[in-house]
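Everything below belongs to model.cif, which stores mmCIF, C-alpha atoms, pLDDT in the B column; chains and numbers go by the auth columns.
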```
data_model
#
loop_
_atom_site.group_PDB
_atom_site.id
_atom_site.type_symbol
_atom_site.label_atom_id
_atom_site.label_comp_id
_atom_site.label_asym_id
_atom_site.label_seq_id
_atom_site.Cartn_x
_atom_site.Cartn_y
_atom_site.Cartn_z
_atom_site.B_iso_or_equiv
_atom_site.auth_seq_id
_atom_site.auth_asym_id
ATOM 1 C CA GLN A 1 -34.776 8.339 -7.057 75.00 293 A
ATOM 2 C CA VAL A 2 -31.306 7.867 -8.472 81.00 294 A
ATOM 3 C CA GLN A 3 -28.784 10.432 -7.350 91.00 295 A
ATOM 4 C CA LEU A 4 -25.170 10.887 -8.317 95.00 296 A
ATOM 5 C CA VAL A 5 -22.863 12.982 -6.176 96.00 297 A
ATOM 6 C CA GLU A 6 -19.383 14.029 -7.211 98.00 298 A
ATOM 7 C CA SER A 7 -16.696 15.431 -4.927 98.00 299 A
ATOM 8 C CA GLY A 8 -12.981 16.108 -4.728 98.00 300 A
ATOM 9 C CA GLY A 9 -12.561 19.033 -7.078 98.00 301 A
ATOM 10 C CA GLY A 10 -10.634 22.165 -6.303 98.00 302 A
ATOM 11 C CA LEU A 11 -7.925 24.553 -7.379 98.00 303 A
ATOM 12 C CA VAL A 12 -4.610 22.959 -8.287 98.00 304 A
ATOM 13 C CA GLN A 13 -1.460 24.171 -9.980 98.00 305 A
ATOM 14 C CA PRO A 14 -0.400 22.801 -13.349 98.00 306 A
ATOM 15 C CA GLY A 15 1.341 19.479 -12.860 98.00 307 A
ATOM 16 C CA GLY A 16 -0.622 18.740 -9.716 98.00 308 A
ATOM 17 C CA SER A 17 -3.015 15.923 -8.880 98.00 309 A
ATOM 18 C CA LEU A 18 -6.556 15.481 -7.664 98.00 310 A
ATOM 19 C CA ARG A 19 -8.774 12.486 -6.974 98.00 311 A
ATOM 20 C CA LEU A 20 -12.453 12.794 -7.697 98.00 312 A
ATOM 21 C CA SER A 21 -15.086 10.560 -6.125 98.00 313 A
ATOM 22 C CA CYS A 22 -18.577 9.638 -7.241 97.00 314 A
ATOM 23 C CA THR A 23 -21.183 8.028 -5.039 95.00 315 A
ATOM 24 C CA SER A 24 -24.770 7.120 -5.721 93.00 316 A
ATOM 25 C CA SER A 25 -28.038 6.210 -4.158 86.00 317 A
ATOM 26 C CA GLY A 26 -29.855 3.894 -6.515 86.00 318 A
ATOM 27 C CA ILE A 27 -27.046 2.798 -8.823 88.00 319 A
ATOM 28 C CA ILE A 28 -24.896 -0.198 -8.015 87.00 320 A
ATOM 29 C CA PHE A 29 -21.651 0.633 -9.741 90.00 321 A
ATOM 30 C CA ARG A 30 -20.272 -2.897 -9.973 86.00 322 A
ATOM 31 C CA VAL A 31 -23.102 -3.892 -12.336 87.00 323 A
ATOM 32 C CA ASN A 32 -23.075 -0.702 -14.370 90.00 324 A
ATOM 33 C CA ALA A 33 -20.451 0.630 -16.716 95.00 325 A
ATOM 34 C CA MET A 34 -19.640 4.090 -15.434 95.00 326 A
ATOM 35 C CA GLY A 35 -17.928 7.102 -16.841 97.00 327 A
ATOM 36 C CA TRP A 36 -16.459 10.433 -15.887 98.00 328 A
ATOM 37 C CA TYR A 37 -17.466 13.356 -18.029 98.00 329 A
ATOM 38 C CA ARG A 38 -16.341 16.955 -18.052 98.00 330 A
ATOM 39 C CA GLN A 39 -17.680 20.210 -19.356 98.00 331 A
ATOM 40 C CA ALA A 40 -15.419 23.188 -19.818 96.00 332 A
ATOM 41 C CA PRO A 41 -16.866 26.702 -20.098 91.00 333 A
ATOM 42 C CA GLY A 42 -18.392 27.203 -23.519 94.00 334 A
ATOM 43 C CA LYS A 43 -17.844 23.595 -24.557 96.00 335 A
ATOM 44 C CA GLN A 44 -19.954 20.472 -24.783 97.00 336 A
ATOM 45 C CA ARG A 45 -19.797 17.809 -22.128 97.00 337 A
ATOM 46 C CA GLU A 46 -17.394 15.037 -23.069 97.00 338 A
ATOM 47 C CA LEU A 47 -16.655 11.557 -21.796 98.00 339 A
ATOM 48 C CA VAL A 48 -13.078 11.358 -20.531 98.00 340 A
ATOM 49 C CA ALA A 49 -12.943 7.937 -18.859 98.00 341 A
ATOM 50 C CA ARG A 50 -15.073 4.830 -18.644 98.00 342 A
ATOM 51 C CA ILE A 51 -14.897 1.650 -16.601 97.00 343 A
ATOM 52 C CA SER A 52 -16.756 -1.489 -17.609 95.00 344 A
ATOM 53 C CA THR A 53 -18.480 -3.901 -15.262 93.00 345 A
ATOM 54 C CA GLY A 54 -15.475 -6.164 -15.713 93.00 346 A
ATOM 55 C CA GLY A 55 -13.095 -3.432 -14.677 92.00 347 A
ATOM 56 C CA SER A 56 -11.536 -2.554 -17.999 96.00 348 A
ATOM 57 C CA SER A 57 -11.108 1.131 -18.690 97.00 349 A
ATOM 58 C CA THR A 58 -10.914 3.440 -21.689 97.00 350 A
ATOM 59 C CA TYR A 59 -9.861 7.056 -21.914 98.00 351 A
ATOM 60 C CA ALA A 60 -10.130 10.046 -24.159 98.00 352 A
ATOM 61 C CA ASP A 61 -6.872 10.759 -25.937 98.00 353 A
ATOM 62 C CA SER A 62 -6.580 14.075 -24.113 97.00 354 A
ATOM 63 C CA VAL A 63 -6.273 12.380 -20.710 98.00 355 A
ATOM 64 C CA LYS A 64 -4.723 9.019 -21.598 98.00 356 A
ATOM 65 C CA GLY A 65 -1.706 8.284 -19.443 98.00 357 A
ATOM 66 C CA ARG A 66 -2.633 10.984 -16.909 98.00 358 A
ATOM 67 C CA PHE A 67 -6.068 9.968 -15.615 98.00 359 A
ATOM 68 C CA THR A 68 -7.100 6.663 -14.060 98.00 360 A
ATOM 69 C CA ILE A 69 -10.660 5.558 -13.402 98.00 361 A
ATOM 70 C CA SER A 70 -11.307 2.968 -10.730 97.00 362 A
ATOM 71 C CA ARG A 71 -14.127 1.541 -8.677 96.00 363 A
ATOM 72 C CA ASP A 72 -14.488 0.393 -5.076 94.00 364 A
ATOM 73 C CA ASN A 73 -17.388 -2.037 -5.027 91.00 365 A
ATOM 74 C CA ALA A 74 -17.549 -2.232 -1.239 92.00 366 A
ATOM 75 C CA LYS A 75 -17.968 1.535 -1.010 94.00 367 A
ATOM 76 C CA ASN A 76 -20.012 1.799 -4.209 94.00 368 A
ATOM 77 C CA THR A 77 -17.726 4.591 -5.303 96.00 369 A
ATOM 78 C CA VAL A 78 -16.075 5.428 -8.600 97.00 370 A
ATOM 79 C CA TYR A 79 -12.875 7.441 -8.598 98.00 371 A
ATOM 80 C CA LEU A 80 -10.961 9.497 -11.107 98.00 372 A
ATOM 81 C CA GLN A 81 -7.300 9.959 -10.261 98.00 373 A
ATOM 82 C CA MET A 82 -5.993 12.910 -12.218 98.00 374 A
ATOM 83 C CA ASN A 83 -2.253 13.472 -12.448 98.00 375 A
ATOM 84 C CA THR A 84 -0.106 15.948 -14.330 98.00 376 A
ATOM 85 C CA LEU A 85 -3.034 18.300 -14.586 98.00 377 A
ATOM 86 C CA LYS A 86 -3.038 20.950 -17.290 98.00 378 A
ATOM 87 C CA PRO A 87 -4.941 24.240 -17.550 97.00 379 A
ATOM 88 C CA GLU A 88 -7.041 22.676 -20.299 97.00 380 A
ATOM 89 C CA ASP A 89 -8.338 20.132 -17.775 98.00 381 A
ATOM 90 C CA THR A 90 -10.244 22.949 -16.087 98.00 382 A
ATOM 91 C CA ALA A 91 -13.902 21.947 -16.150 98.00 383 A
ATOM 92 C CA ALA A 92 -16.837 20.730 -14.141 98.00 384 A
ATOM 93 C CA TYR A 93 -16.554 16.957 -13.776 98.00 385 A
ATOM 94 C CA TYR A 94 -19.515 14.616 -13.598 98.00 386 A
ATOM 95 C CA CYS A 95 -20.064 10.885 -13.321 97.00 387 A
ATOM 96 C CA ASN A 96 -22.816 8.920 -15.013 96.00 388 A
ATOM 97 C CA SER A 97 -23.235 5.637 -16.795 94.00 389 A
ATOM 98 C CA GLY A 98 -20.918 5.312 -19.723 92.00 390 A
ATOM 99 C CA PRO A 99 -20.556 5.617 -22.583 92.00 391 A
ATOM 100 C CA ILE A 100 -24.184 6.774 -22.673 93.00 392 A
ATOM 101 C CA PRO A 101 -25.343 8.845 -19.699 94.00 393 A
ATOM 102 C CA LEU A 102 -28.677 7.363 -18.660 92.00 394 A
ATOM 103 C CA HIS A 103 -29.256 9.108 -15.368 92.00 395 A
ATOM 104 C CA SER A 104 -29.938 12.629 -14.192 93.00 396 A
ATOM 105 C CA TRP A 105 -26.747 14.582 -13.788 95.00 397 A
ATOM 106 C CA GLY A 106 -25.398 15.281 -10.344 95.00 398 A
ATOM 107 C CA PRO A 107 -24.106 18.677 -9.265 96.00 399 A
ATOM 108 C CA GLY A 108 -20.607 17.943 -10.550 97.00 400 A
ATOM 109 C CA THR A 109 -17.348 18.996 -8.997 98.00 401 A
ATOM 110 C CA LEU A 110 -15.285 21.886 -10.312 98.00 402 A
ATOM 111 C CA VAL A 111 -11.626 21.406 -11.166 98.00 403 A
ATOM 112 C CA THR A 112 -9.568 24.508 -11.803 98.00 404 A
ATOM 113 C CA VAL A 113 -5.976 24.139 -12.960 98.00 405 A
ATOM 114 C CA SER A 114 -4.171 27.425 -12.679 97.00 406 A
ATOM 115 C CA SER A 115 -1.000 28.934 -11.323 95.00 407 A
#
```
Would you give me this structure, written as structure tokens?
Amino acid sequence: QVQLVESGGGLVQPGGSLRLSCTSSGIIFRVNAMGWYRQAPGKQRELVARISTGGSSTYADSVKGRFTISRDNAKNTVYLQMNTLKPEDTAAYYCNSGPIPLHSWGPGTLVTVSS
């Protein structure tokens, strides 16, 4: 059974940074395009970053220049480095294949940006 597990969220002040991690049993990330999604309270889940099998990345306009998606093939882990965080980045963050999520969602990791 494929499982996705996200970690690294927390409470951070505006302007701060966090690094999220995503691991999986059953998905080999280096042969799958992966994405980070987020869902804010009362809003639909949205794709914020995607990394292709070749390593190229794309970002939603709202996070471009602040977030960086990367992948460690040896650890089978996908990361999301989030810098210059804003209150509007507050959301539950999830990883899945991208740009179309094909797998069951993991538990997500909550990011709260607040002073």
Pick out the residues sitting within 10 Å of Gln331 (chain A), and hand them over as a list of chain:residue names; count only C-alpha atoms, and ignore anything fewer than 2 positions along from it in its own chain.
-> A:Tyr329, A:Pro333, A:Gly334, A:Lys335, A:Gln336, A:Arg337, A:Glu338, A:Leu339, A:Asp381, A:Thr382, A:Ala383, A:Ala384, A:Tyr385, A:Tyr386, A:Gly400, A:Leu402
Write a file of the selected residues as a PDB file, in the coordinates of the input, keeping C-alpha atoms.
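Ended up saving to selection.pdb:
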```
ATOM      1  CA  TYR A 329     -17.466  13.356 -18.029  1.00 98.00           C
ATOM      2  CA  PRO A 333     -16.866  26.702 -20.098  1.00 91.00           C
ATOM      3  CA  GLY A 334     -18.392  27.203 -23.519  1.00 94.00           C
ATOM      4  CA  LYS A 335     -17.844  23.595 -24.557  1.00 96.00           C
ATOM      5  CA  GLN A 336     -19.954  20.472 -24.783  1.00 97.00           C
ATOM      6  CA  ARG A 337     -19.797  17.809 -22.128  1.00 97.00           C
ATOM      7  CA  GLU A 338     -17.394  15.037 -23.069  1.00 97.00           C
ATOM      8  CA  LEU A 339     -16.655  11.557 -21.796  1.00 98.00           C
ATOM      9  CA  ASP A 381      -8.338  20.132 -17.775  1.00 98.00           C
ATOM     10  CA  THR A 382     -10.244  22.949 -16.087  1.00 98.00           C
ATOM     11  CA  ALA A 383     -13.902  21.947 -16.150  1.00 98.00           C
ATOM     12  CA  ALA A 384     -16.837  20.730 -14.141  1.00 98.00           C
ATOM     13  CA  TYR A 385     -16.554  16.957 -13.776  1.00 98.00           C
ATOM     14  CA  TYR A 386     -19.515  14.616 -13.598  1.00 98.00           C
ATOM     15  CA  GLY A 400     -20.607  17.943 -10.550  1.00 97.00           C
ATOM     16  CA  LEU A 402     -15.285  21.886 -10.312  1.00 98.00           C
TER      17      LEU A 402
END
```
Compare A:Gly307, A:Gly357, A:Pro379, A:Gly390 by their minimum atom-to-atom distance to Val403 (chain A), counting only C-alpha atoms, and give me the closest one.
-> A:Pro379
For the file shown, report as number ranges by chain the outcome of the PyMOL selection byres ((chain A and resi 318-324) around 9) at residue level.
-> A: 293-296, 315-317, 325-326, 343-347, 363-365, 368-370, 389-390
Got a sec to resolve the PyMOL selection byres ((chain A and resi 372) around 6) on this structure and send the residues as a ChimeraX atom specification?
-> /A:311-312,360-361,371,373
Choose the residue, out of A:Ala341, A:Met374, A:Ile392, A:Cys387, that has the smallest atom-to-atom separation from Pro306 (chain A); count only C-alpha atoms.
-> A:Met374
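From CA of Gly308 (chain A) back to CA of Phe359 (chain A), the distance works out to 11.9 Å.
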Mind giving me the straight-line distance from CA of Leu377 (chain A) to CA of Val304 (chain A) in Å, one decimal?
->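 Computing it gives 8.0 Å between the two atoms.
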Residue members of the PyMOL selection byres ((chain A and resi 302) around 9) in the file shown, as a PDB file with C-alpha atoms, in the coordinates of the input:
```pdb
ATOM      1  CA  GLY A 300     -12.981  16.108  -4.728  1.00 98.00           C
ATOM      2  CA  GLY A 301     -12.561  19.033  -7.078  1.00 98.00           C
ATOM      3  CA  LEU A 303      -7.925  24.553  -7.379  1.00 98.00           C
ATOM      4  CA  VAL A 304      -4.610  22.959  -8.287  1.00 98.00           C
ATOM      5  CA  LEU A 310      -6.556  15.481  -7.664  1.00 98.00           C
ATOM      6  CA  THR A 401     -17.348  18.996  -8.997  1.00 98.00           C
ATOM      7  CA  LEU A 402     -15.285  21.886 -10.312  1.00 98.00           C
ATOM      8  CA  VAL A 403     -11.626  21.406 -11.166  1.00 98.00           C
ATOM      9  CA  THR A 404      -9.568  24.508 -11.803  1.00 98.00           C
ATOM     10  CA  VAL A 405      -5.976  24.139 -12.960  1.00 98.00           C
TER      11      VAL A 405
END
```
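Going from CA of Asn375 (chain A) over to CA of Asp353 (chain A), you cover 14.5 Å.
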With only C-alpha atoms as the basis for distance, which of A:Cys314, A:Arg330, A:Ser406, A:Trp397 is at the shortest distance from Ser354 (chain A)?
->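 Ranking A:Cys314, A:Arg330, A:Ser406, A:Trp397 by distance to Ser354 (chain A), first place goes to A:Arg330.
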Kindly indicate which residue among A:Pro391, A:Ser309, A:Pro399, A:Arg342 lies nearest to Arg358 (chain A), using only C-alpha atoms for the distances.
-> A:Ser309
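Minimum atom-to-atom distance to Thr350 (chain A), evaluated using only C-alpha atoms, belongs to A:Gly327 out of A:Val297, A:Ala366, A:His395, A:Gly327.
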